[in-house]
>>> print(open('my_file_19.pdb').read())   # PDB, C-alpha atoms
MODEL        1
ATOM      1  CA  MET O 163      61.835 -50.761   3.662
ATOM      2  CA  SER O 164      60.238 -51.907   0.370
ATOM      3  CA  ASN O 165      63.503 -51.231  -1.490
ATOM      4  CA  ARG O 166      65.566 -53.472   0.801
ATOM      5  CA  VAL O 167      67.185 -56.446  -0.944
ATOM      6  CA  LYS O 168      65.361 -59.704  -0.215
ATOM      7  CA  ASN O 169      67.231 -62.593   1.414
ATOM      8  CA  VAL O 170      66.532 -66.064   0.018
ATOM      9  CA  LEU O 171      67.781 -69.349   1.475
ATOM     10  CA  SER O 172      68.394 -72.420  -0.670
ATOM     11  CA  ILE O 173      68.354 -75.777   1.132
ATOM     12  CA  ALA O 174      69.722 -78.261  -1.376
ATOM     13  CA  GLY O 175      72.570 -80.416  -2.592
ATOM     14  CA  SER O 176      75.798 -79.163  -4.106
ATOM     15  CA  ASP O 177      76.412 -79.592  -7.846
ATOM     16  CA  PRO O 178      80.096 -78.933  -8.664
ATOM     17  CA  SER O 179      79.255 -78.420 -12.354
ATOM     18  CA  GLY O 180      77.038 -75.478 -11.417
ATOM     19  CA  GLY O 181      74.015 -76.607 -13.405
ATOM     20  CA  ALA O 182      71.786 -77.562 -10.490
ATOM     21  CA  GLY O 183      71.543 -77.485  -6.694
ATOM     22  CA  ILE O 184      72.719 -74.597  -4.584
ATOM     23  CA  GLN O 185      75.105 -73.335  -7.266
ATOM     24  CA  ALA O 186      72.284 -72.871  -9.775
ATOM     25  CA  ASP O 187      70.015 -71.396  -7.102
ATOM     26  CA  LEU O 188      72.585 -68.816  -5.994
ATOM     27  CA  LYS O 189      73.185 -67.718  -9.600
ATOM     28  CA  THR O 190      69.435 -67.434 -10.156
ATOM     29  CA  PHE O 191      68.997 -65.411  -6.969
ATOM     30  CA  ALA O 192      71.786 -63.017  -7.971
ATOM     31  CA  ALA O 193      70.362 -62.614 -11.483
ATOM     32  CA  ASN O 194      67.045 -61.564  -9.942
ATOM     33  CA  GLY O 195      68.576 -59.053  -7.535
ATOM     34  CA  VAL O 196      68.156 -60.958  -4.276
ATOM     35  CA  TYR O 197      70.769 -61.996  -1.700
ATOM     36  CA  GLY O 198      71.279 -65.760  -1.779
ATOM     37  CA  MET O 199      72.218 -68.062   1.096
ATOM     38  CA  ALA O 200      72.626 -71.840   1.212
ATOM     39  CA  ALA O 201      72.280 -74.742   3.633
ATOM     40  CA  VAL O 202      73.840 -77.867   2.117
ATOM     41  CA  THR O 203      72.073 -81.235   2.437
ATOM     42  CA  ALA O 204      74.422 -83.327   0.301
ATOM     43  CA  LEU O 205      77.639 -83.172  -1.690
ATOM     44  CA  THR O 206      77.569 -84.741  -5.139
ATOM     45  CA  VAL O 207      80.115 -85.835  -7.706
ATOM     46  CA  GLN O 208      78.457 -84.871 -10.976
ATOM     47  CA  ASN O 209      78.740 -83.044 -14.267
ATOM     48  CA  THR O 210      76.480 -82.537 -17.275
ATOM     49  CA  MET O 211      76.707 -86.272 -18.043
ATOM     50  CA  GLY O 212      75.348 -87.537 -14.724
ATOM     51  CA  VAL O 213      75.844 -88.165 -11.021
ATOM     52  CA  GLU O 214      78.794 -90.339  -9.956
ATOM     53  CA  GLY O 215      78.490 -90.122  -6.179
ATOM     54  CA  ILE O 216      76.533 -88.608  -3.286
ATOM     55  CA  HIS O 217      77.743 -87.839   0.256
ATOM     56  CA  LEU O 218      74.966 -86.945   2.707
ATOM     57  CA  ILE O 219      75.325 -84.259   5.361
ATOM     58  CA  PRO O 220      74.181 -85.353   8.882
ATOM     59  CA  LYS O 221      70.596 -84.231   9.475
ATOM     60  CA  LYS O 222      71.381 -82.277  12.667
ATOM     61  CA  PHE O 223      74.139 -80.394  10.843
ATOM     62  CA  VAL O 224      71.636 -79.477   8.122
ATOM     63  CA  ALA O 225      69.223 -78.186  10.772
ATOM     64  CA  SER O 226      72.024 -76.234  12.463
ATOM     65  CA  GLN O 227      72.840 -74.497   9.175
ATOM     66  CA  ILE O 228      69.204 -73.414   8.794
ATOM     67  CA  ASP O 229      68.825 -72.214  12.383
ATOM     68  CA  ALA O 230      72.093 -70.272  12.198
ATOM     69  CA  ILE O 231      70.776 -68.307   9.212
ATOM     70  CA  PHE O 232      67.427 -67.534  10.839
ATOM     71  CA  ARG O 233      69.090 -66.425  14.088
ATOM     72  CA  ASP O 234      71.106 -63.785  12.267
ATOM     73  CA  ILE O 235      69.374 -62.798   9.018
ATOM     74  CA  CYS O 236      65.852 -61.799   8.034
ATOM     75  CA  VAL O 237      64.880 -64.550   5.584
ATOM     76  CA  SER O 238      62.281 -63.529   3.008
ATOM     77  CA  SER O 239      61.890 -66.869   1.245
ATOM     78  CA  VAL O 240      63.196 -70.439   1.347
ATOM     79  CA  LYS O 241      63.620 -72.890  -1.526
ATOM     80  CA  VAL O 242      64.031 -76.568  -0.641
ATOM     81  CA  GLY O 243      65.554 -78.832  -3.279
ATOM     82  CA  MET O 244      67.397 -82.117  -2.815
ATOM     83  CA  VAL O 245      66.890 -83.600   0.671
ATOM     84  CA  ALA O 246      68.250 -87.073  -0.245
ATOM     85  CA  ASN O 247      66.629 -89.253   2.453
ATOM     86  CA  ALA O 248      63.734 -89.509   4.885
ATOM     87  CA  GLU O 249      65.706 -88.322   7.919
ATOM     88  CA  ILE O 250      66.939 -85.128   6.262
ATOM     89  CA  ALA O 251      63.485 -84.416   4.798
ATOM     90  CA  ARG O 252      61.898 -84.779   8.227
ATOM     91  CA  GLU O 253      64.570 -82.636   9.897
ATOM     92  CA  VAL O 254      64.268 -79.871   7.309
ATOM     93  CA  GLY O 255      60.479 -79.876   7.566
ATOM     94  CA  THR O 256      60.509 -79.826  11.367
ATOM     95  CA  THR O 257      63.053 -77.005  11.421
ATOM     96  CA  LEU O 258      61.249 -74.846   8.860
ATOM     97  CA  ALA O 259      57.896 -75.353  10.580
ATOM     98  CA  LYS O 260      59.206 -73.092  13.358
ATOM     99  CA  TYR O 261      59.408 -70.178  10.913
ATOM    100  CA  LYS O 262      55.775 -69.958   9.860
ATOM    101  CA  LYS O 263      55.740 -66.613   8.008
ATOM    102  CA  VAL O 264      58.391 -67.491   5.428
ATOM    103  CA  PHE O 265      57.406 -68.011   1.794
ATOM    104  CA  LEU O 266      58.425 -71.633   1.124
ATOM    105  CA  VAL O 267      59.131 -73.178  -2.287
ATOM    106  CA  VAL O 268      59.519 -76.966  -2.257
ATOM    107  CA  ASP O 269      61.100 -78.524  -5.336
ATOM    108  CA  PRO O 270      60.724 -82.287  -4.699
ATOM    109  CA  VAL O 271      63.982 -83.293  -6.383
ATOM    110  CA  MET O 272      63.921 -87.052  -6.915
ATOM    111  CA  VAL O 273      65.833 -87.793 -10.114
ATOM    112  CA  ALA O 274      68.802 -86.059 -11.712
ATOM    113  CA  LYS O 275      68.546 -84.879 -15.313
ATOM    114  CA  GLY O 276      70.608 -87.879 -16.431
ATOM    115  CA  GLY O 277      68.281 -90.311 -14.646
ATOM    116  CA  SER O 278      70.238 -90.962 -11.421
ATOM    117  CA  PRO O 279      68.054 -91.161  -8.276
ATOM    118  CA  LEU O 280      68.594 -88.284  -5.836
ATOM    119  CA  LEU O 281      65.852 -89.189  -3.340
ATOM    120  CA  ASP O 282      65.525 -92.712  -1.955
ATOM    121  CA  LYS O 283      62.133 -94.395  -1.944
ATOM    122  CA  LYS O 284      61.685 -94.195   1.820
ATOM    123  CA  ALA O 285      62.033 -90.419   1.657
ATOM    124  CA  ILE O 286      59.044 -89.835  -0.615
ATOM    125  CA  GLN O 287      56.525 -90.275   2.214
ATOM    126  CA  SER O 288      58.654 -88.081   4.468
ATOM    127  CA  VAL O 289      58.548 -85.296   1.871
ATOM    128  CA  LYS O 290      54.759 -85.670   1.698
ATOM    129  CA  ASP O 291      54.396 -85.621   5.473
ATOM    130  CA  HIS O 292      56.868 -82.927   6.482
ATOM    131  CA  LEU O 293      57.532 -80.591   3.539
ATOM    132  CA  LEU O 294      54.500 -80.413   1.258
ATOM    133  CA  PRO O 295      52.039 -79.435   4.028
ATOM    134  CA  ILE O 296      54.051 -76.322   4.959
ATOM    135  CA  ALA O 297      54.871 -75.229   1.389
ATOM    136  CA  THR O 298      53.611 -72.060  -0.222
ATOM    137  CA  ILE O 299      54.237 -73.637  -3.621
ATOM    138  CA  ILE O 300      55.625 -76.979  -4.801
ATOM    139  CA  THR O 301      57.385 -77.319  -8.174
ATOM    140  CA  PRO O 302      57.565 -80.951  -9.340
ATOM    141  CA  ASN O 303      58.422 -81.879 -12.901
ATOM    142  CA  LEU O 304      56.191 -84.352 -14.746
ATOM    143  CA  PRO O 305      57.898 -87.551 -13.446
ATOM    144  CA  GLU O 306      58.090 -86.177  -9.874
ATOM    145  CA  ALA O 307      54.393 -85.285  -9.879
ATOM    146  CA  ALA O 308      53.613 -88.833 -10.974
ATOM    147  CA  VAL O 309      55.807 -90.340  -8.237
ATOM    148  CA  LEU O 310      54.201 -88.193  -5.534
ATOM    149  CA  LEU O 311      50.753 -89.291  -6.656
ATOM    150  CA  GLY O 312      51.656 -92.901  -7.410
ATOM    151  CA  THR O 313      50.341 -92.635 -10.950
ATOM    152  CA  SER O 314      51.556 -92.437 -14.551
ATOM    153  CA  VAL O 315      53.233 -89.378 -16.048
ATOM    154  CA  ALA O 316      50.821 -86.760 -17.397
ATOM    155  CA  LYS O 317      50.473 -86.858 -21.185
ATOM    156  CA  SER O 318      48.176 -83.868 -21.727
ATOM    157  CA  LYS O 319      47.277 -80.502 -20.255
ATOM    158  CA  GLU O 320      44.128 -82.060 -18.806
ATOM    159  CA  ASP O 321      46.254 -84.690 -17.043
ATOM    160  CA  MET O 322      48.502 -81.939 -15.655
ATOM    161  CA  VAL O 323      45.525 -79.966 -14.348
ATOM    162  CA  ASN O 324      44.091 -83.046 -12.635
ATOM    163  CA  GLN O 325      47.457 -83.961 -11.110
ATOM    164  CA  GLY O 326      48.000 -80.377  -9.962
ATOM    165  CA  LYS O 327      44.645 -80.372  -8.165
ATOM    166  CA  ALA O 328      45.466 -83.735  -6.581
ATOM    167  CA  LEU O 329      48.839 -82.431  -5.381
ATOM    168  CA  LEU O 330      47.127 -79.485  -3.676
ATOM    169  CA  CYS O 331      45.545 -82.024  -1.331
ATOM    170  CA  PHE O 332      48.955 -82.559   0.300
ATOM    171  CA  GLY O 333      48.654 -79.061   1.780
ATOM    172  CA  SER O 334      50.594 -76.574  -0.347
ATOM    173  CA  LYS O 335      48.843 -73.382  -1.447
ATOM    174  CA  SER O 336      49.798 -73.813  -5.101
ATOM    175  CA  VAL O 337      51.511 -76.219  -7.506
ATOM    176  CA  LEU O 338      53.749 -75.496 -10.505
ATOM    177  CA  ILE O 339      54.125 -78.613 -12.653
ATOM    178  CA  LYS O 340      57.190 -78.246 -14.879
ATOM    179  CA  GLY O 341      56.703 -79.687 -18.345
ATOM    180  CA  GLY O 342      60.315 -79.827 -19.490
ATOM    181  CA  HIS O 343      60.272 -83.635 -19.679
ATOM    182  CA  SER O 344      57.527 -83.603 -22.299
ATOM    183  CA  GLY O 345      60.100 -83.307 -25.108
ATOM    184  CA  GLY O 346      60.850 -80.606 -27.661
ATOM    185  CA  ARG O 347      62.509 -77.208 -27.245
ATOM    186  CA  THR O 348      59.607 -75.704 -25.321
ATOM    187  CA  SER O 349      58.665 -76.391 -21.717
ATOM    188  CA  ASN O 350      54.953 -76.103 -21.073
ATOM    189  CA  ASP O 351      54.498 -75.517 -17.350
ATOM    190  CA  LEU O 352      51.228 -75.312 -15.457
ATOM    191  CA  LEU O 353      50.490 -73.278 -12.318
ATOM    192  CA  VAL O 354      47.560 -74.667 -10.341
ATOM    193  CA  THR O 355      45.832 -72.999  -7.385
ATOM    194  CA  GLU O 356      42.589 -73.773  -5.598
ATOM    195  CA  LYS O 357      40.769 -71.216  -7.779
ATOM    196  CA  ASP O 358      42.426 -71.433 -11.195
ATOM    197  CA  HIS O 359      45.227 -72.726 -13.424
ATOM    198  CA  VAL O 360      47.587 -70.872 -15.789
ATOM    199  CA  SER O 361      49.880 -72.232 -18.525
ATOM    200  CA  VAL O 362      53.416 -70.861 -18.948
ATOM    201  CA  SER O 363      55.733 -71.748 -21.857
ATOM    202  CA  TYR O 364      59.422 -71.007 -22.416
ATOM    203  CA  THR O 365      62.303 -72.204 -24.569
ATOM    204  CA  HIS O 366      65.012 -74.472 -23.130
ATOM    205  CA  LEU O 367      68.610 -73.262 -22.871
ATOM    206  CA  THR O 368      71.472 -75.706 -23.493
ATOM    207  CA  LEU O 369      74.812 -75.517 -21.666
ATOM    208  CA  PRO O 370      77.966 -75.859 -23.809
ATOM    209  CA  THR O 371      80.171 -78.831 -22.842
ATOM    210  CA  ASN O 372      83.502 -80.289 -23.927
ATOM    211  CA  ARG O 373      81.566 -82.858 -25.951
ATOM    212  CA  GLU O 374      80.257 -80.040 -28.175
ATOM    213  CA  VAL O 375      83.689 -78.526 -28.933
TER     214      VAL O 375
ENDMDL
END
>>> encode(input="my_file_19.pdb", output="structure tokens")
Amino acid sequence: MSNRVKNVLSIAGSDPSGGAGIQADLKTFAANGVYGMAAVTALTVQNTMGVEGIHLIPKKFVASQIDAIFRDICVSSVKVGMVANAEIAREVGTTLAKYKKVFLVVDPVMVAKGGSPLLDKKAIQSVKDHLLPIATIITPNLPEAAVLLGTSVAKSKEDMVNQGKALLCFGSKSVLIKGGHSGGRTSNDLLVTEKDHVSVSYTHLTLPTNREV
């Protein structure tokens, strides 16, 4: 049984360029030897230069996608990304709350890499109320952590530690603050739990585009 391939569900938006959303999640799952599945919350028109349009999936249809997977397949873990608005965030949280034993990663996607908003302001409280309390781990980047806490972006490791501890108060068991927005070629991330914190650093990878040809 321990050698059985794990099944991981991504609940997120679709990125046709493949650099984010369910496309990126499915590639990551495959690269790590797990079977990936996806429930789509939104369709986007985007590429490496930015987001040009967003089409939301009805919240009940999102919930139906999730329930259909759980009815048929043994889900090991769930990763929640872009939920787009308060109604979808609430529906996803309410639906996942029924499946209490699943390892849940919540990536509170709020802003695209190019700066376009992917989560409206009314949805932030819904994410706090319905997704963070049931998460095993949440993975905000530096700006997202600041938005969730209503404070300024962390400028130092000490700031990141303090914000990580504050984010734990929303209910998740652990917090991974991603430091990729701090500038430079290295991302300095910080994992915070109730008992400790650990720093993790890695080098950024850059996708080739037509602009670089």
>>> resolve_selection(input="my_file_19.pdb", expression="the PyMOL selection byres ((chain O and resi 246) around 8)", output="list in words")
Thr203, Ala204, Leu218, Met244, Val245, Asn247, Ala248, Ile250, Ala251, Met272, Leu280, Leu281, Asp282 and Ala285 of chain O
>>> write_last_selection(input="my_file_19.pdb", atoms="C-alpha atoms", output="PDB file, in the frame of the given file")
ATOM      1  CA  THR O 203      72.073 -81.235   2.437  1.00  0.00           C
ATOM      2  CA  ALA O 204      74.422 -83.327   0.301  1.00  0.00           C
ATOM      3  CA  LEU O 218      74.966 -86.945   2.707  1.00  0.00           C
ATOM      4  CA  MET O 244      67.397 -82.117  -2.815  1.00  0.00           C
ATOM      5  CA  VAL O 245      66.890 -83.600   0.671  1.00  0.00           C
ATOM      6  CA  ASN O 247      66.629 -89.253   2.453  1.00  0.00           C
ATOM      7  CA  ALA O 248      63.734 -89.509   4.885  1.00  0.00           C
ATOM      8  CA  ILE O 250      66.939 -85.128   6.262  1.00  0.00           C
ATOM      9  CA  ALA O 251      63.485 -84.416   4.798  1.00  0.00           C
ATOM     10  CA  MET O 272      63.921 -87.052  -6.915  1.00  0.00           C
ATOM     11  CA  LEU O 280      68.594 -88.284  -5.836  1.00  0.00           C
ATOM     12  CA  LEU O 281      65.852 -89.189  -3.340  1.00  0.00           C
ATOM     13  CA  ASP O 282      65.525 -92.712  -1.955  1.00  0.00           C
ATOM     14  CA  ALA O 285      62.033 -90.419   1.657  1.00  0.00           C
TER      15      ALA O 285
END
>>> closest_residue(input="my_file_19.pdb", among="O:Val289, O:Ile216, O:Val224, O:Val237", to="Thr257 in chain O", atoms="only C-alpha atoms")
O:Val224
>>> resolve_selection(input="my_file_19.pdb", expression="the PyMOL selection byres ((chain O and resi 337-339) around 6)", output="list in words")
Ile299, Ile300, Thr301, Pro302, Asn303, Gly326, Ser336, Lys340, Asp351, Leu352, Leu353 and Val354 of chain O
>>> closest_atom_pairs(input="my_file_19.pdb", of="range 172-284 of chain O", to="range 305-323 of chain O", cutoff="10 Å", atoms="all atoms listed in the file", output="Markdown table")
| residue | atom | partner | partner_atom | distance |
| --- | --- | --- | --- | --- |
| O:Asp269 | CA | O:Glu306 | CA | 9.4 |
| O:Pro270 | CA | O:Glu306 | CA | 7.0 |
| O:Val271 | CA | O:Glu306 | CA | 7.4 |
| O:Met272 | CA | O:Glu306 | CA | 6.6 |
| O:Val273 | CA | O:Glu306 | CA | 7.9 |
| O:Lys283 | CA | O:Val309 | CA | 9.8 |
>>> atom_distance(input="my_file_19.pdb", atom1="CA of Val196 in chain O", atom2="CA of Gly180 in chain O")
18.5 Å
>>> residues_around(input="my_file_19.pdb", residues="Leu258 in chain O", least_positions_apart="4", cutoff="12 Å", atoms="all atoms listed in the file", output="VMD selection string")
chain O and resid 171 173 224 to 229 231 to 232 237 239 to 242 251 to 254 262 to 268 292 to 297
>>> atom_distance(input="my_file_19.pdb", atom1="CA of Val362 in chain O", atom2="CA of Asn350 in chain O")
5.9 Å
>>> closest_residue(input="my_file_19.pdb", among="O:Val167, O:Met199, O:Leu329, O:Ile219", to="Ala186 in chain O", atoms="only C-alpha atoms")
O:Met199
>>> axis_aligned_box(input="my_file_19.pdb", around="range 347-356 of chain O", padding_each_side="3 Å", output="lines of an AutoDock Vina configuration file")
center_x = 52.5
center_y = -75.1
center_z = -16.4
size_x = 25.9
size_y = 10.2
size_z = 27.6
>>> atom_distance(input="my_file_19.pdb", atom1="CA of Lys168 in chain O", atom2="CA of Gly243 in chain O")
19.4 Å
>>> closest_residue(input="my_file_19.pdb", among="O:Ser172, O:Ser288, O:Pro178, O:Lys222", to="Ala200 in chain O", atoms="only C-alpha atoms")
O:Ser172
>>> closest_residue(input="my_file_19.pdb", among="O:Thr256, O:Thr298, O:Ser238, O:Ser179", to="Phe332 in chain O", atoms="all atoms listed in the file")
O:Thr298
>>> resolve_selection(input="my_file_19.pdb", expression="the PyMOL selection byres ((chain O and resi 208-210) around 7)", output="ChimeraX atom specification")
/O:177-179,206-207,211-214
